[in-house]
>>> print(open('structure_28.cif').read())   # mmCIF, C-alpha atoms
data_final
#
loop_
_atom_site.label_atom_id
_atom_site.label_comp_id
_atom_site.auth_asym_id
_atom_site.auth_seq_id
_atom_site.Cartn_x
_atom_site.Cartn_y
_atom_site.Cartn_z
CA MET O 694 151.51 -7.35 55.73
CA ALA O 695 152.73 -5.28 52.78
CA THR O 696 150.64 -2.14 53.10
CA PRO O 697 152.05 0.19 55.71
CA PRO O 698 149.66 2.06 57.98
CA THR O 699 148.95 5.58 56.84
CA ARG O 700 150.27 8.63 58.62
CA GLN O 701 146.71 9.49 59.62
CA SER O 702 146.06 6.16 61.25
CA LEU O 703 149.34 6.26 63.15
CA LEU O 704 148.55 9.73 64.45
CA HIS O 705 145.08 8.57 65.39
CA LEU O 706 146.55 5.62 67.28
CA TYR O 707 148.98 7.98 68.98
CA SER O 708 146.26 10.30 70.19
CA SER O 709 144.04 7.47 71.42
CA MET O 710 146.95 5.92 73.30
CA LEU O 711 147.80 9.25 74.90
CA ARG O 712 144.20 9.85 75.82
CA THR O 713 143.84 6.41 77.35
CA SER O 714 147.09 6.85 79.27
CA GLN O 715 145.81 10.15 80.65
CA SER O 716 142.70 8.45 81.95
CA PHE O 717 144.54 6.33 84.52
CA SER O 718 143.66 7.60 87.94
CA SER O 719 146.92 6.67 89.68
CA TYR O 720 149.58 9.26 89.14
CA ASN O 721 152.42 6.78 88.68
CA PHE O 722 150.68 4.69 86.04
CA ARG O 723 149.46 7.78 84.24
CA GLN O 724 152.88 9.36 84.04
CA TYR O 725 154.54 6.12 83.04
CA PHE O 726 152.18 5.30 80.19
CA VAL O 727 152.21 8.83 78.82
CA ARG O 728 156.00 8.83 78.86
CA ARG O 729 156.20 5.38 77.34
CA THR O 730 153.73 6.17 74.57
CA LYS O 731 155.61 9.32 73.65
CA SER O 732 158.99 7.62 73.55
CA THR O 733 157.88 4.60 71.52
CA PHE O 734 156.24 6.78 68.90
CA ARG O 735 159.28 9.05 68.76
CA GLU O 736 161.47 6.02 68.06
CA ILE O 737 159.40 4.98 65.08
CA GLN O 738 158.94 8.53 63.79
CA ASN O 739 161.55 8.37 61.02
CA GLU O 740 160.96 4.74 60.13
CA THR O 741 160.12 4.11 56.46
CA ASP O 742 160.24 0.31 56.25
CA PRO O 743 156.61 -0.79 55.55
CA ALA O 744 157.01 -4.17 57.26
CA LYS O 745 158.34 -2.63 60.43
CA LEU O 746 155.66 0.05 60.42
CA SER O 747 152.81 -2.39 60.06
CA ALA O 748 154.29 -4.64 62.74
CA PHE O 749 154.54 -1.59 65.00
CA TYR O 750 150.96 -0.63 64.21
CA ASP O 751 149.60 -4.09 64.97
CA GLU O 752 151.54 -4.33 68.20
CA LYS O 753 150.41 -0.91 69.38
CA THR O 754 146.79 -1.59 68.49
CA LYS O 755 146.89 -4.65 70.75
CA GLU O 756 148.61 -2.61 73.40
CA LEU O 757 145.94 0.07 73.19
CA ALA O 758 143.24 -2.51 73.86
CA ALA O 759 145.13 -3.77 76.90
CA LEU O 760 145.75 -0.21 78.03
CA LYS O 761 142.06 0.61 77.83
CA ARG O 762 141.16 -2.39 79.95
CA SER O 763 143.77 -1.61 82.56
CA ALA O 764 142.73 2.04 82.66
CA ILE O 765 139.20 1.00 83.51
CA VAL O 766 140.39 -1.32 86.27
CA ASN O 767 142.68 1.40 87.55
CA GLN O 768 139.81 3.88 87.65
CA LEU O 769 137.80 1.43 89.73
CA TYR O 770 140.51 1.18 92.35
CA GLY O 771 141.86 4.74 92.25
CA GLY O 772 143.01 5.98 95.62
CA TRP O 773 143.62 9.44 97.01
CA ARG O 774 145.73 11.89 95.10
CA LEU O 775 149.43 12.08 95.79
CA VAL O 776 150.97 15.22 97.24
CA VAL O 777 152.72 15.95 93.94
CA GLU O 778 149.43 16.21 92.07
CA ASP O 779 146.98 19.09 91.89
CA GLN O 780 144.81 18.74 94.92
CA LYS O 781 141.62 19.64 93.12
CA PRO O 782 139.10 16.81 93.24
CA SER O 783 139.02 15.18 89.84
CA LYS O 784 135.84 13.24 90.25
CA GLU O 785 133.23 12.64 92.85
CA LYS O 786 133.82 9.49 94.85
CA SER O 787 130.81 7.32 95.36
CA ASN O 788 131.99 5.79 98.61
CA SER O 789 129.20 7.10 100.84
CA MET D 486 113.98 -4.81 112.95
CA SER D 487 114.14 -1.63 110.93
CA PHE D 488 115.06 0.23 114.06
CA LEU D 489 117.99 -2.09 114.52
CA ARG D 490 119.10 -1.52 110.97
CA LEU D 491 118.85 2.21 111.47
CA ALA D 492 120.95 1.93 114.58
CA ALA D 493 123.56 -0.07 112.69
CA ARG D 494 123.69 2.57 110.00
CA ARG D 495 124.16 5.23 112.64
CA ILE D 496 127.25 3.42 113.79
CA ALA D 497 128.61 2.99 110.29
CA LEU D 498 128.05 6.59 109.21
CA PRO D 499 130.60 8.54 111.25
CA ARG D 500 133.47 6.62 109.72
CA VAL D 501 132.45 7.64 106.20
CA ALA D 502 131.75 11.18 107.25
CA PHE D 503 135.20 11.32 108.77
CA ALA D 504 136.88 10.67 105.44
CA VAL D 505 134.75 12.67 103.04
CA PRO D 506 133.21 15.91 104.33
CA GLN D 507 135.78 18.45 103.11
CA GLN D 508 135.96 17.08 99.61
CA ARG D 509 132.22 16.70 99.19
CA SER D 510 131.48 20.32 99.97
CA ARG D 511 134.24 21.53 97.66
CA ILE D 512 132.87 19.59 94.71
CA ILE D 513 129.42 21.05 95.03
CA GLN D 514 130.83 24.55 95.15
CA CYS D 515 132.98 24.05 92.09
CA ALA D 516 130.19 22.47 90.08
CA ALA D 517 128.02 25.49 90.69
CA PHE D 518 130.75 27.83 89.50
CA SER D 519 131.55 25.90 86.38
CA ALA D 520 127.92 25.74 85.38
CA ALA D 521 127.58 29.49 85.67
CA ALA D 522 130.60 30.93 83.91
CA GLY D 523 132.06 30.30 80.48
CA LEU D 524 135.47 31.18 79.12
CA THR D 525 136.01 34.51 77.49
CA LYS D 526 138.08 34.82 74.34
CA GLU D 527 140.96 36.41 76.27
CA GLN D 528 140.97 33.60 78.81
CA ILE D 529 141.14 31.01 76.06
CA THR D 530 143.94 32.87 74.34
CA THR D 531 146.06 33.15 77.47
CA ARG D 532 145.47 29.51 78.36
CA VAL D 533 146.41 28.25 74.92
CA ILE D 534 149.53 30.44 74.85
CA ASP D 535 150.49 29.20 78.31
CA VAL D 536 150.14 25.61 77.16
CA LEU D 537 152.42 26.21 74.21
CA LYS D 538 155.01 27.91 76.41
CA GLY D 539 155.20 24.64 78.30
CA PHE D 540 156.56 22.84 75.25
CA GLU D 541 160.33 22.64 75.13
CA LYS D 542 160.61 22.99 71.37
CA VAL D 543 158.55 26.16 71.17
CA LYS D 544 160.58 29.35 71.23
CA PRO D 545 158.65 31.98 73.17
CA GLU D 546 159.67 34.83 70.88
CA LYS D 547 158.07 33.13 67.88
CA LEU D 548 154.86 32.50 69.74
CA SER D 549 151.85 34.58 68.78
CA THR D 550 148.20 33.92 68.08
CA ASN D 551 148.70 33.58 64.35
CA SER D 552 151.79 31.39 64.35
CA SER D 553 151.51 27.99 62.76
CA PHE D 554 152.52 24.84 64.65
CA MET D 555 154.58 23.30 61.89
CA GLU D 556 156.17 26.28 60.13
CA ASP D 557 156.65 28.89 62.84
CA LEU D 558 156.97 26.83 65.98
CA GLY D 559 158.90 23.92 64.50
CA LEU D 560 156.59 21.20 65.79
CA ASP D 561 156.11 17.91 63.94
CA SER D 562 152.89 15.95 63.58
CA LEU D 563 153.37 14.03 66.82
CA ASP D 564 153.91 17.31 68.67
CA ALA D 565 150.76 18.71 67.10
CA VAL D 566 148.78 15.81 68.58
CA GLU D 567 150.33 16.52 71.97
CA VAL D 568 149.48 20.21 71.70
CA VAL D 569 145.85 19.44 70.92
CA MET D 570 145.66 17.09 73.91
CA ALA D 571 147.25 19.67 76.18
CA VAL D 572 144.84 22.31 74.93
CA GLU D 573 141.94 20.00 75.73
CA GLU D 574 143.21 19.72 79.28
CA THR D 575 143.16 23.47 79.77
CA THR D 576 139.45 23.53 79.14
CA TYR D 577 138.83 21.30 82.16
CA GLY D 578 138.21 24.44 84.16
CA ASP D 579 138.98 25.21 87.75
CA ASN D 580 137.58 22.00 89.13
CA ALA D 581 139.42 19.83 86.60
CA VAL D 582 136.34 17.73 85.95
CA LYS D 583 136.67 16.11 82.59
CA GLU D 584 132.93 15.85 81.96
CA PHE D 585 132.55 19.60 81.58
CA SER D 586 135.33 19.98 79.06
CA ILE D 587 135.78 19.25 75.40
CA GLU D 588 137.34 16.35 73.60
CA ILE D 589 138.46 17.33 70.14
CA PRO D 590 137.70 14.58 67.59
CA ASP D 591 140.65 13.46 65.50
CA ALA D 592 139.16 14.67 62.24
CA GLU D 593 138.85 18.17 63.61
CA ALA D 594 142.15 17.99 65.45
CA ASP D 595 143.83 17.47 62.08
CA GLU D 596 142.41 20.78 60.91
CA ILE D 597 144.00 22.68 63.77
CA ARG D 598 147.33 23.89 62.46
CA THR D 599 147.71 27.31 63.97
CA VAL D 600 147.32 28.83 67.41
CA GLN D 601 144.43 30.96 66.19
CA GLN D 602 142.57 27.90 64.90
CA ALA D 603 142.88 26.22 68.30
CA ILE D 604 141.48 29.30 70.02
CA ASP D 605 138.61 29.58 67.56
CA TYR D 606 137.75 25.90 67.95
CA ILE D 607 137.45 26.20 71.72
CA ALA D 608 135.54 29.46 71.45
CA LYS D 609 132.91 27.98 69.17
CA THR D 610 132.53 24.78 71.21
CA PRO D 611 129.63 25.28 73.60
CA GLU D 612 130.81 22.80 76.25
CA ALA D 613 134.16 24.53 76.69
CA ARG D 614 134.03 25.84 80.21
#
>>> encode(input="structure_28.cif", output="structure tokens")
Amino acid sequence: MATPPTRQSLLHLYSSMLRTSQSFSSYNFRQYFVRRTKSTFREIQNETDPAKLSAFYDEKTKELAALKRSAIVNQLYGGWRLVVEDQKPSKEKSNS
Amino acid sequence: MSFLRLAARRIALPRVAFAVPQQRSRIIQCAAFSAAAGLTKEQITTRVIDVLKGFEKVKPEKLSTNSSFMEDLGLDSLDAVEVVMAVEETTYGDNAVKEFSIEIPDAEADEIRTVQQAIDYIAKTPEAR
């Protein structure tokens, strides 16, 4: 519990969380998780307490795993695009 | 028996065709385009600059191809990650299909510290379309 996560590993976690959040196919989920990831990492940005940092890291690693699973499920049940999104087709639907 | 099945399929088909046709044809068109054309250096430069303009912290007057993220543009390390992700998105191309674009590995994303480096990285990546 004593060793804090390195700056590198936190940044790595940040980019994988952002990337996973981007992969949600529903607009609302995608926007929410991107926003949430950004704000939680901003909060911890100036934190120096090793215990808090490693607790944060552990928690977010678990969250990333859950996020990945939910992103996959969300991709399976993605619907049509909303009017606020770009109307370009993002992926071919195999519903024929 | 097989005739019956064929008849059943005939009935089922129109419903699917009703929902899909427009989108299907568009995808095929776009795929053909993206396979044919790559990005020129100027296109990459304008796209990357446009992405950076979208960031609130970045002051447009300080923005040029050789400005550094941290020193000139005042971005921190979290912002730098966001910039790299946003730059990746611009390479999705006109059809926004992720498969044709690049995903910058973290090790190489760490190396990208200036606008010019980002442009060079995309330019030398063969899949960037």
>>> resolve_selection(input="structure_28.cif", expression="the PyMOL selection byres ((chain O and resi 740-757) around 6)", output="PyMOL selection string")
chain O and resi 697-698+710+737-739+758-760
>>> residues_around(input="structure_28.cif", residues="Gln724 of chain O", least_positions_apart="2", cutoff="12 Å", atoms="only C-alpha atoms", output="PyMOL selection string")
chain O and resi 711-722+726-731+777-778
>>> residues_around(input="structure_28.cif", residues="segment 602-609 of chain D", least_positions_apart="3", cutoff="8 Å", atoms="only C-alpha atoms", output="list of chain:residue names")
D:Leu524, D:Thr525, D:Lys526, D:Ile529, D:Thr530, D:Val533, D:Val569, D:Val572, D:Ile597, D:Arg598, D:Thr599, D:Ala613
>>> resolve_selection(input="structure_28.cif", expression="the PyMOL selection byres ((chain D and resi 563) around 12)", output="PyMOL selection string")
(chain O and resi 700-701+703-708+711+730-739) or (chain D and resi 554-555+559-562+564-570+594-595)
>>> write_last_selection(input="structure_28.cif", atoms="C-alpha atoms", output="short mmCIF file (atom, residue, chain, number, x, y, z; two decimals), keeping the file's coordinate frame")
data_model
loop_
_atom_site.label_atom_id
_atom_site.label_comp_id
_atom_site.auth_asym_id
_atom_site.auth_seq_id
_atom_site.Cartn_x
_atom_site.Cartn_y
_atom_site.Cartn_z
CA ARG O 700 150.27 8.63 58.62
CA GLN O 701 146.71 9.49 59.62
CA LEU O 703 149.34 6.26 63.15
CA LEU O 704 148.55 9.73 64.45
CA HIS O 705 145.08 8.57 65.39
CA LEU O 706 146.55 5.62 67.28
CA TYR O 707 148.98 7.98 68.98
CA SER O 708 146.26 10.30 70.19
CA LEU O 711 147.80 9.25 74.90
CA THR O 730 153.73 6.17 74.57
CA LYS O 731 155.61 9.32 73.65
CA SER O 732 158.99 7.62 73.55
CA THR O 733 157.88 4.60 71.52
CA PHE O 734 156.24 6.78 68.90
CA ARG O 735 159.28 9.05 68.76
CA GLU O 736 161.47 6.02 68.06
CA ILE O 737 159.40 4.98 65.08
CA GLN O 738 158.94 8.53 63.79
CA ASN O 739 161.55 8.37 61.02
CA PHE D 554 152.52 24.84 64.65
CA MET D 555 154.58 23.30 61.89
CA GLY D 559 158.90 23.92 64.50
CA LEU D 560 156.59 21.20 65.79
CA ASP D 561 156.11 17.91 63.94
CA SER D 562 152.89 15.95 63.58
CA ASP D 564 153.91 17.31 68.67
CA ALA D 565 150.76 18.71 67.10
CA VAL D 566 148.78 15.81 68.58
CA GLU D 567 150.33 16.52 71.97
CA VAL D 568 149.48 20.21 71.70
CA VAL D 569 145.85 19.44 70.92
CA MET D 570 145.66 17.09 73.91
CA ALA D 594 142.15 17.99 65.45
CA ASP D 595 143.83 17.47 62.08
#
>>> residues_around(input="structure_28.cif", residues="Leu558 of chain D", least_positions_apart="3", cutoff="8 Å", atoms="all atoms listed in the file", output="PyMOL selection string")
chain D and resi 542-544+547-548+552-555
>>> atom_distance(input="structure_28.cif", atom1="atom CA of Gln780 of chain O", atom2="atom CA of Thr610 of chain D")
27.4 Å
>>> atom_distance(input="structure_28.cif", atom1="atom CA of Glu593 of chain D", atom2="atom CA of Lys761 of chain O")
22.8 Å
>>> closest_residue(input="structure_28.cif", among="O:Arg774, O:Arg762, O:Leu769, O:Thr696", to="chain D", atoms="all atoms listed in the file")
O:Arg774
>>> atom_distance(input="structure_28.cif", atom1="atom CA of Ser549 of chain D", atom2="atom CA of Ile534 of chain D")
7.7 Å
>>> closest_residue(input="structure_28.cif", among="D:Glu556, D:Glu541, D:Thr550, D:Ala592", to="Glu527 of chain D", atoms="only C-alpha atoms")
D:Thr550
>>> closest_residue(input="structure_28.cif", among="D:Pro590, D:Val536, D:Asp557, D:Thr531", to="chain O", atoms="all atoms listed in the file")
D:Pro590
>>> closest_residue(input="structure_28.cif", among="O:Ala764, O:Asp779, O:Gly771, O:Tyr725", to="chain D", atoms="all atoms listed in the file")
O:Asp779
>>> closest_residue(input="structure_28.cif", among="O:Arg723, O:Thr699, O:Asn767, O:Ser709", to="chain D", atoms="only C-alpha atoms")
O:Ser709
>>> axis_aligned_box(input="structure_28.cif", around="segment 726-745 of chain O", padding_each_side="4 Å", output="lines of an AutoDock Vina configuration file")
center_x = 156.9
center_y = 2.6
center_z = 67.9
size_x = 17.4
size_y = 21.5
size_z = 32.6
>>> build_atoms(input="structure_28.cif", residues="segment 748-777 of chain O", atoms="N, CA and C atoms", output="mmCIF file, in the coordinates of the input")
data_model
loop_
_atom_site.group_PDB
_atom_site.id
_atom_site.type_symbol
_atom_site.label_atom_id
_atom_site.label_comp_id
_atom_site.auth_asym_id
_atom_site.auth_seq_id
_atom_site.Cartn_x
_atom_site.Cartn_y
_atom_site.Cartn_z
ATOM 1 N N ALA O 748 154.108 -3.853 61.522
ATOM 2 C CA ALA O 748 154.290 -4.640 62.740
ATOM 3 C C ALA O 748 154.102 -3.765 63.974
ATOM 4 N N PHE O 749 154.678 -2.558 63.900
ATOM 5 C CA PHE O 749 154.540 -1.590 65.000
ATOM 6 C C PHE O 749 153.080 -1.258 65.226
ATOM 7 N N TYR O 750 152.371 -1.017 64.106
ATOM 8 C CA TYR O 750 150.960 -0.630 64.210
ATOM 9 C C TYR O 750 150.138 -1.732 64.856
ATOM 10 N N ASP O 751 150.357 -2.970 64.398
ATOM 11 C CA ASP O 751 149.600 -4.090 64.970
ATOM 12 C C ASP O 751 149.872 -4.236 66.457
ATOM 13 N N GLU O 752 151.156 -4.137 66.795
ATOM 14 C CA GLU O 752 151.540 -4.330 68.200
ATOM 15 C C GLU O 752 150.899 -3.252 69.064
ATOM 16 N N LYS O 753 150.932 -2.017 68.574
ATOM 17 C CA LYS O 753 150.410 -0.910 69.380
ATOM 18 C C LYS O 753 148.897 -0.948 69.470
ATOM 19 N N THR O 754 148.244 -1.465 68.412
ATOM 20 C CA THR O 754 146.790 -1.590 68.490
ATOM 21 C C THR O 754 146.400 -2.565 69.593
ATOM 22 N N LYS O 755 147.149 -3.685 69.671
ATOM 23 C CA LYS O 755 146.890 -4.650 70.750
ATOM 24 C C LYS O 755 147.163 -4.011 72.099
ATOM 25 N N GLU O 756 148.246 -3.237 72.144
ATOM 26 C CA GLU O 756 148.610 -2.610 73.400
ATOM 27 C C GLU O 756 147.556 -1.610 73.850
ATOM 28 N N LEU O 757 146.987 -0.904 72.855
ATOM 29 C CA LEU O 757 145.940 0.070 73.190
ATOM 30 C C LEU O 757 144.748 -0.607 73.829
ATOM 31 N N ALA O 758 144.373 -1.786 73.294
ATOM 32 C CA ALA O 758 143.240 -2.510 73.860
ATOM 33 C C ALA O 758 143.524 -2.898 75.308
ATOM 34 N N ALA O 759 144.760 -3.391 75.540
ATOM 35 C CA ALA O 759 145.130 -3.770 76.900
ATOM 36 C C ALA O 759 145.156 -2.550 77.815
ATOM 37 N N LEU O 760 145.658 -1.439 77.252
ATOM 38 C CA LEU O 760 145.750 -0.210 78.030
ATOM 39 C C LEU O 760 144.377 0.280 78.448
ATOM 40 N N LYS O 761 143.418 0.171 77.518
ATOM 41 C CA LYS O 761 142.060 0.610 77.830
ATOM 42 C C LYS O 761 141.478 -0.210 78.970
ATOM 43 N N ARG O 762 141.689 -1.539 78.885
ATOM 44 C CA ARG O 762 141.160 -2.390 79.950
ATOM 45 C C ARG O 762 141.798 -2.045 81.282
ATOM 46 N N SER O 763 143.129 -1.872 81.274
ATOM 47 C CA SER O 763 143.770 -1.610 82.560
ATOM 48 C C SER O 763 143.403 -0.241 83.103
ATOM 49 N N ALA O 764 143.127 0.711 82.192
ATOM 50 C CA ALA O 764 142.730 2.040 82.660
ATOM 51 C C ALA O 764 141.399 1.961 83.394
ATOM 52 N N ILE O 765 140.500 1.136 82.857
ATOM 53 C CA ILE O 765 139.200 1.000 83.510
ATOM 54 C C ILE O 765 139.356 0.392 84.895
ATOM 55 N N VAL O 766 140.169 -0.680 84.967
ATOM 56 C CA VAL O 766 140.390 -1.320 86.270
ATOM 57 C C VAL O 766 141.035 -0.335 87.234
ATOM 58 N N ASN O 767 141.998 0.429 86.710
ATOM 59 C CA ASN O 767 142.680 1.400 87.550
ATOM 60 C C ASN O 767 141.733 2.480 88.055
ATOM 61 N N GLN O 768 140.771 2.867 87.212
ATOM 62 C CA GLN O 768 139.810 3.880 87.650
ATOM 63 C C GLN O 768 138.909 3.329 88.763
ATOM 64 N N LEU O 769 138.648 2.026 88.698
ATOM 65 C CA LEU O 769 137.800 1.430 89.730
ATOM 66 C C LEU O 769 138.483 1.452 91.092
ATOM 67 N N TYR O 770 139.797 1.286 91.091
ATOM 68 C CA TYR O 770 140.510 1.180 92.350
ATOM 69 C C TYR O 770 141.403 2.392 92.620
ATOM 70 N N GLY O 771 141.043 3.545 92.036
ATOM 71 C CA GLY O 771 141.860 4.740 92.250
ATOM 72 C C GLY O 771 141.815 5.177 93.707
ATOM 73 N N GLY O 772 142.957 5.553 94.225
ATOM 74 C CA GLY O 772 143.010 5.980 95.620
ATOM 75 C C GLY O 772 143.002 7.487 95.729
ATOM 76 N N TRP O 773 143.519 7.991 96.827
ATOM 77 C CA TRP O 773 143.620 9.440 97.010
ATOM 78 C C TRP O 773 144.730 9.971 96.127
ATOM 79 N N ARG O 774 144.687 11.287 95.919
ATOM 80 C CA ARG O 774 145.730 11.890 95.100
ATOM 81 C C ARG O 774 147.034 11.995 95.886
ATOM 82 N N LEU O 775 148.140 11.924 95.148
ATOM 83 C CA LEU O 775 149.430 12.080 95.790
ATOM 84 C C LEU O 775 149.701 13.555 96.057
ATOM 85 N N VAL O 776 150.678 13.817 96.916
ATOM 86 C CA VAL O 776 150.970 15.220 97.240
ATOM 87 C C VAL O 776 151.526 15.975 96.043
ATOM 88 N N VAL O 777 152.143 15.261 95.088
ATOM 89 C CA VAL O 777 152.720 15.950 93.940
ATOM 90 C C VAL O 777 151.672 16.379 92.919
#
